[in-house]
Structure formats: C-alpha cells, structure tokens
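Asker: Quick one: this structure, given as structure tokens, is what I'll be asking you about.
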Amino acid sequence: MLEVRGLKLTLNGKPVIDDLSLEVKKGEIRGLLGANGTGKTTLANLIMGISYPYEGSIIFEGHDITRCTISERAKKGITLAWQEPARFEGLSIRDYIKLSRNLELREIENYLWMVGLPPAEYLNRAVDVTLSGGERKRVELASVLAMKPKLAILDEPDSGIDVVSLPHIMNGIVEMSRQGSAVLLITHGEEAVMVAKRVSIICAGKIINAGPPEEMCQWFKSNCQTCDHINIPSE
Amino acid sequence: MVVVREYEEILEAYDKAGGDQASLKNKAIASLIVHENRVLKANEVQGIRLRSEQKENGIIAELSVEEGSKIEYPVHLCFGVLPKEGLQEIVLKVDVQPNSRVSVIAHCIFPHAVNVTHKMDAEIKIGDNAEFSYQETHYHGEFGGVRVIPKAKIWVGKRSIYSSTLTLIKGCVGLLDYDFEVFGEEKSISELTVKVFGKKEDDIKIAERIHLNGREARGLAKSRLVLKDNAKAVVMGETYGNAPFARGHVDCMEIVDGEGVIARAIPVVYVKDKQAKVTHEAAIGSIDKKQMQTLMARGLNEEEAVDVIVRGILG
C-alpha cells in the first residue's frame, strides 16, 4: 500500500533522512521504533506532505504522491496524528471528530467510546487547552478512527500520557487495524510497538533492522539504548 | 401601516442576524424592539420593568430588575435601522437590584447601511449578590457603511457577576469604537469579551477597562479578532488591581490574514495594592500553521481549514 523508496532529506547541510526505504502493507500495523532524534517525526512529515524530500519517492496504492499536498494525500486516505496535536479554541470535540466526513451523533459517540471518553462528558467540550495531554491524544485518535483512513500515521501516540489513557489509546490503534486501516505506529516505547505485526528500527535517518516485535524490541534494547550514535533532532 | 411593515422587516432582519423572532413575539419573554427612534414593541414580565422615551434621534430606555427576581428567560432587545442612512442614539440605563439575576440578548441590525451611525451610551448598575449577563450581536450589511459607537460604564456590586459579549462577525464592521469600563466591588466577577471579524476597509477600536476596586474582585478582558483585506484594529485591554487579592487578566488574540491588515494590541496591567495580581497575554499573528496542517490532514482544503479555525475563534 505504501512504499517509501530511497528518501533523502537534509537539514542545515546534515542528512536527517538518509536513503530510507520502508513498506507498509494494507491493513497491517507497522511499528517504527527509534530513539529521540533519529528521524521518526521527519519521516511522518514527509509521508503526510508537510515537508518534501530532495530525493526518493513515496508511492501510495501504486501512485507517486511525493509532490502531493497534505490535502491531496488526505483525500487519498492518508492521515497523521501528531505527537503533540494542535489545540483549537472554540471547536467542539463533536465537530472535530466529524471534520473528515458527515457522521451521525451516535457514530461520533461510538468513536469516543472506542478511546474511552464518555460522550456525555466530552462531546461539547472544546479541543483546546482545557484538555489534558492524554485526553487530547485520545480525541485525536477518535478523529483518525472516524476518518476511516487507508493509512494512519501515528506519531508517538503513547508518549507523555497517563497510565489511564495508554490502554485506551492502544485499544484505539487495534480497532483502527480491525476496521481495515493500515497503521504506521511511530514510537520509542517498546510496550506500544507490541501491537505491530512487524517493526522497523530507525537510526540516523536510516532503517537499520526489521522483524517481529519481540525480536526487534530485544535488539533495540541491546543496541540502540547503549548506542553512542549522534542523532540530529529534526525540530 | 408603516409601523407594521417596519416591525415585520425588523423581525425578518432579526432572524438573519441569528435571532429567533419567536422570542420577540413570546409574551413570557421581556422584549423591546426599536427602529430608528421608534419603539415598535415593548413587553414586560414579572420582575422586569422596561421604560422608553422617544428622542429626536433615538430613545432613552430603562431596564429595571426588581430585587430578588430571578428572570427565567433572557430579555430580548432589538435595535435596528433599516434604511441606508440614519442616526440612532440609544441611552440605556440598567438597574439590576440586589439578589436578582437576569440575562439580556441584544441584536443590532443594519442590513442595508450605507451611512448609518448607531451610538449607545449605557449605564449599568448591578446591586450586591446579583447576576447580569449581556450578549450583543450585530448584523451589518456588506457595504461597510456603519459607524457603531457603544460606550458603557458598569458598576458591579459585592459578590455579583457581570459578563458581556459583543459579537460582530456578520457583514462588514464599518467603523467600530467600543469602550466598556467596569468597576468591580468586593468578590465581584467581571468578564468583558469582544469578537469581531474585520474585513475590507473596516476600522476597529476596542477599549476594555476593568477596575478591580474591591477585595478579591476578579476580572477578565478578552478579545478575539480576525482581520482580512485592509482592515485595521487597535485593542486596548486594561485591568487595574486596586484592592487586596484582586485578580485580573487581559487576553487578546488577533489573527491577521491580509496584505493590508494593521493590528495593534495595547494591554495595560496596573496594580496599586501589593496583594493584587494582574496578568496579560496578547498574540497577533497569522493562522497557526500546525492547526492548518492538522485540519488539512483530515481532508480539508486550505480555505476550509481557515474557515474552521476562524469560526472557532469567533464562536
């Protein structure tokens, strides 16, 4: 479904994505595991069209989307849940969830239940600073679920959230796969990546290993957590 | 016959302004409808007294809420000028007596204005332990030929709550010169909010002043503006902490989306009691990039994304 071929991007003259190739198959959860500053978010941005590579291509369902805009990619069925999602003053959760398509109230409520947010309490709240980090991420996931994307890129949905929110978020990701979406699950948390079918490990903008989650988590612990490789934070 | 026609036209324009004309017809709801300097309808309910006096270019209206009265339905006020030209001067005197509660929804309607001036001078006195909220929504035409000059002084009694919102997001603003000044007594809560969508050649001046004169008085001066084309705006949010434990905040956000836009914010925070605290935040800038990207990642195009963000801010 998604083929990333030989992507290259430099920042201030230094490579942040370095000849990176990756494939995500239809309906699968593909884990992308990497330490801070290894290029995970940069890759997510490249796939979503927030930034563009200077070399390489992004193929989605057989079409080259490397130069497509964010909206064009979204219309093809790709979406992204940010690591720190934006806040919107005056925009209700109800309206936020149905941004991508017309939904009945009952459907919106279902998506909120899927991420463990009681609709009566949350439907009319704003997607603003009054939500905690965990609540905001759960709302983001509900909004992605509601879009029924062909490919959802989830950038560290598990980072910086409370222990209550984590299982709801993981349930949401599994539900997404169940409803037919492919998921690129970007994380540096080994627990979260266990829901993936296959996991790739990224370091210095390159995929350096790939395999089943248990094996890759073990490999990540042994190699990446003790690695002195200098990574470049992209933001 | 003329009055009947004016009344019907005002009701029609009232609907377009976002009002519900059924509220103006409902006898259980206090209301006052004024076209230019003529009172077309006035309805009192128990606990509310409404008096009006016709002047050459407007009216003097007095709204009084009896002591201890909790008014169930909002009082509806409608001020309009239907012709292309006109001058309307409203003198509004509000007396909210102690232990009472009322809210007022006002609509100001100038759908065909080419050269219309609407002035309001209000004095609002809120007794102790009372609650008064005032929401004013404007509906202007697309010609931008309106000068709106609302001035108000509001005295908020001990342990009382006052809130007001001016919304001017339909049609062109024209010229807006808004000046509301609040004086808050002990443990009072005062909140001033202004939401304006300026476009074309609109000229907007907003002054929100809150004097926290009583111990533990609290106040918020909030403004939300979106400016396009050649609109210009200056927002002065002032809060004065004059008493122990007074707490105030000035919150101004102006979104600029046009080559010819000029936006200014002048927050004033003043404290003369060492136990008072007043803060401010003012942000002027273009639409947030991350918000845009988020909405576009849900399939909205650029224009639709801007619209969602603006509608949220101006609510």
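We label chains A, B, ... in the order they appear in the structure tokens, count residues from 1 in each chain, and number ligands from 1 in the order shown.
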Taking only C-alpha atoms into account, report as a ChimeraX atom specification which residues of chain A lie within 6 Å of chain B.
Answerer: /A:70-71,74-75,79,86,89-91,100
Asker: At a cut-off of 6 Å, using only C-alpha atoms, what residues contact stretch 12-21 of chain B? Leave out same-chain residues fewer than 3 positions from it and give the result as an mmCIF file with N, CA and C atoms, in the first residue's frame.
Answerer:
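The result, stored in around_38.cif:
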data_model
loop_
_atom_site.group_PDB
_atom_site.id
_atom_site.type_symbol
_atom_site.label_atom_id
_atom_site.label_comp_id
_atom_site.auth_asym_id
_atom_site.auth_seq_id
_atom_site.Cartn_x
_atom_site.Cartn_y
_atom_site.Cartn_z
ATOM 1 N N GLU B 9 -40.297 43.867 8.906
ATOM 2 C CA GLU B 9 -38.946 43.901 8.325
ATOM 3 C C GLU B 9 -37.872 43.693 9.395
ATOM 4 N N LEU B 24 -39.262 37.255 20.297
ATOM 5 C CA LEU B 24 -39.776 38.630 20.353
ATOM 6 C C LEU B 24 -41.304 38.658 20.408
ATOM 7 N N TYR B 139 -25.635 42.656 13.165
ATOM 8 C CA TYR B 139 -25.758 42.193 11.786
ATOM 9 C C TYR B 139 -25.677 43.416 10.883
#
Asker: Could you tell me how far atom CA of A:Leu151 sits from atom CA of A:Cys203, in Å to one decimal place?
Answerer: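 Atom CA of A:Leu151 lies 23.1 Å from atom CA of A:Cys203.
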Asker: List the spatial neighbours of stretch 15-31 of chain A as a ChimeraX atom specification - criterion: any atom at most 9 Å away, only C-alpha atoms, same-chain residues fewer than 2 positions off excluded.
Answerer: /A:1-13,33,37-39,42-43,53,55-56,150-151,173-174,176-187,192-201,204-207,213,231-234
Asker: Go ahead and write the selection's residues with C-alpha atoms as a compact mmCIF listing (two decimals), in the first residue's frame.
Answerer:
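What ended up in part.txt:
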# COMPACT_ATOMS: atom_id res chain seq x y z
CA MET A 1 0.00 0.00 0.00
CA LEU A 2 2.74 2.45 0.96
CA GLU A 3 6.22 2.22 -0.45
CA VAL A 4 8.86 4.70 0.60
CA ARG A 5 11.87 4.43 -1.69
CA GLY A 6 15.30 5.94 -1.10
CA LEU A 7 14.10 9.09 0.69
CA LYS A 8 16.71 11.71 1.46
CA LEU A 9 16.35 14.97 3.37
CA THR A 10 18.99 17.23 4.81
CA LEU A 11 18.67 19.89 7.47
CA ASN A 12 21.35 22.55 7.81
CA GLY A 13 23.51 20.51 5.48
CA LEU A 33 10.98 2.17 16.68
CA GLY A 37 16.17 12.48 17.07
CA THR A 38 16.54 9.50 14.76
CA GLY A 39 14.17 10.95 12.12
CA THR A 42 10.60 13.84 9.96
CA LEU A 43 9.61 10.66 8.14
CA PRO A 53 12.30 15.07 0.29
CA GLU A 55 15.44 12.69 -3.33
CA GLY A 56 13.43 9.49 -3.38
CA LYS A 150 -6.45 3.73 4.43
CA LEU A 151 -3.22 4.65 6.18
CA ILE A 173 -4.94 1.54 17.42
CA VAL A 174 -6.01 -2.11 17.34
CA MET A 176 -8.16 1.04 13.60
CA SER A 177 -6.45 -2.02 12.15
CA ARG A 178 -9.63 -4.06 12.69
CA GLN A 179 -11.65 -1.60 10.63
CA GLY A 180 -9.17 -2.08 7.76
CA SER A 181 -6.74 0.82 8.13
CA ALA A 182 -3.01 0.31 7.81
CA VAL A 183 -1.13 1.94 10.67
CA LEU A 184 2.40 3.27 10.80
CA LEU A 185 2.97 3.33 14.54
CA ILE A 186 5.91 5.55 15.39
CA THR A 187 7.25 5.25 18.92
CA ALA A 192 3.29 0.15 22.41
CA VAL A 193 5.05 -1.45 19.49
CA MET A 194 3.99 -4.93 20.58
CA VAL A 195 0.64 -4.45 18.80
CA ALA A 196 2.52 -4.24 15.48
CA LYS A 197 2.90 -7.13 13.08
CA ARG A 198 6.37 -6.07 12.04
CA VAL A 199 8.73 -3.48 13.45
CA SER A 200 11.45 -1.45 11.73
CA ILE A 201 14.19 0.25 13.65
CA ALA A 204 20.21 8.45 11.96
CA GLY A 205 17.51 8.60 9.30
CA LYS A 206 18.03 5.00 8.10
CA ILE A 207 16.17 1.75 8.67
CA PRO A 213 8.11 -7.02 17.53
CA ASN A 231 21.28 11.69 16.17
CA ILE A 232 20.02 15.04 14.96
CA PRO A 233 16.74 16.27 16.35
CA SER A 234 14.62 17.46 13.44
Asker: Closest to A:Ala44 among A:Leu99, A:Ala146, A:Leu154, A:Cys68, using only C-alpha atoms?
Answerer: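 Checking each of A:Leu99, A:Ala146, A:Leu154, A:Cys68 against A:Ala44, counting only C-alpha atoms, the winner is A:Leu154.
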Asker: Report as a ChimeraX atom specification: the residues of stretch 6-179 of chain A with a DSSP assignment of alpha helix (DSSP H), based on the backbone of this structure.
Answerer: /A:40-48,70-76,93-97,105-114,119-122,133-147,165-178
Asker: Between B:Glu85, B:Glu44, B:Glu186, B:Asp203, which has the minimum distance to B:Arg264 (counting only C-alpha atoms)?
Answerer: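 Between B:Glu85, B:Glu44, B:Glu186, B:Asp203, the residue approaching B:Arg264 most closely is B:Asp203.
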Asker: Find the residues near stretch 127-139 of chain A: any atom within 7 Å, counting only C-alpha atoms, skip ones fewer than 4 places away on the same chain, and give them as a ChimeraX atom specification.
Answerer: /A:85,87-89,91-93,115,143,157,161-162,165,169
Asker: Write out the residues from the selection above, keeping C-alpha atoms, as a PDB file, in the first residue's frame.
Answerer:
ATOM      1  CA  PRO A  85      -1.747  17.614  18.489  1.00  0.00           C
ATOM      2  CA  ARG A  87      -5.398  22.821  20.128  1.00  0.00           C
ATOM      3  CA  PHE A  88      -8.393  24.665  18.706  1.00  0.00           C
ATOM      4  CA  GLU A  89     -10.202  27.398  20.577  1.00  0.00           C
ATOM      5  CA  LEU A  91     -14.013  23.961  18.172  1.00  0.00           C
ATOM      6  CA  SER A  92     -16.061  21.272  19.903  1.00  0.00           C
ATOM      7  CA  ILE A  93     -14.936  17.654  20.061  1.00  0.00           C
ATOM      8  CA  VAL A 115     -10.918   5.658  23.060  1.00  0.00           C
ATOM      9  CA  SER A 143     -10.840  11.736  14.955  1.00  0.00           C
ATOM     10  CA  PRO A 157       0.635   8.225  20.454  1.00  0.00           C
ATOM     11  CA  ILE A 161       0.415  10.271  28.518  1.00  0.00           C
ATOM     12  CA  ASP A 162      -1.003   8.998  31.775  1.00  0.00           C
ATOM     13  CA  SER A 165      -5.030   6.848  28.798  1.00  0.00           C
ATOM     14  CA  ILE A 169      -5.002   4.519  23.031  1.00  0.00           C
TER      15      ILE A 169
END
Asker: From a DSSP pass on the backbone, collect the residues of stretch 142-282 of chain B flagged as strand (DSSP E or B) and hand them back as a PyMOL selection string.
Answerer: chain B and resi 146-156+161-170+175-184+189-198+203-212+218-228+232-241+247-257+262-271+277-282
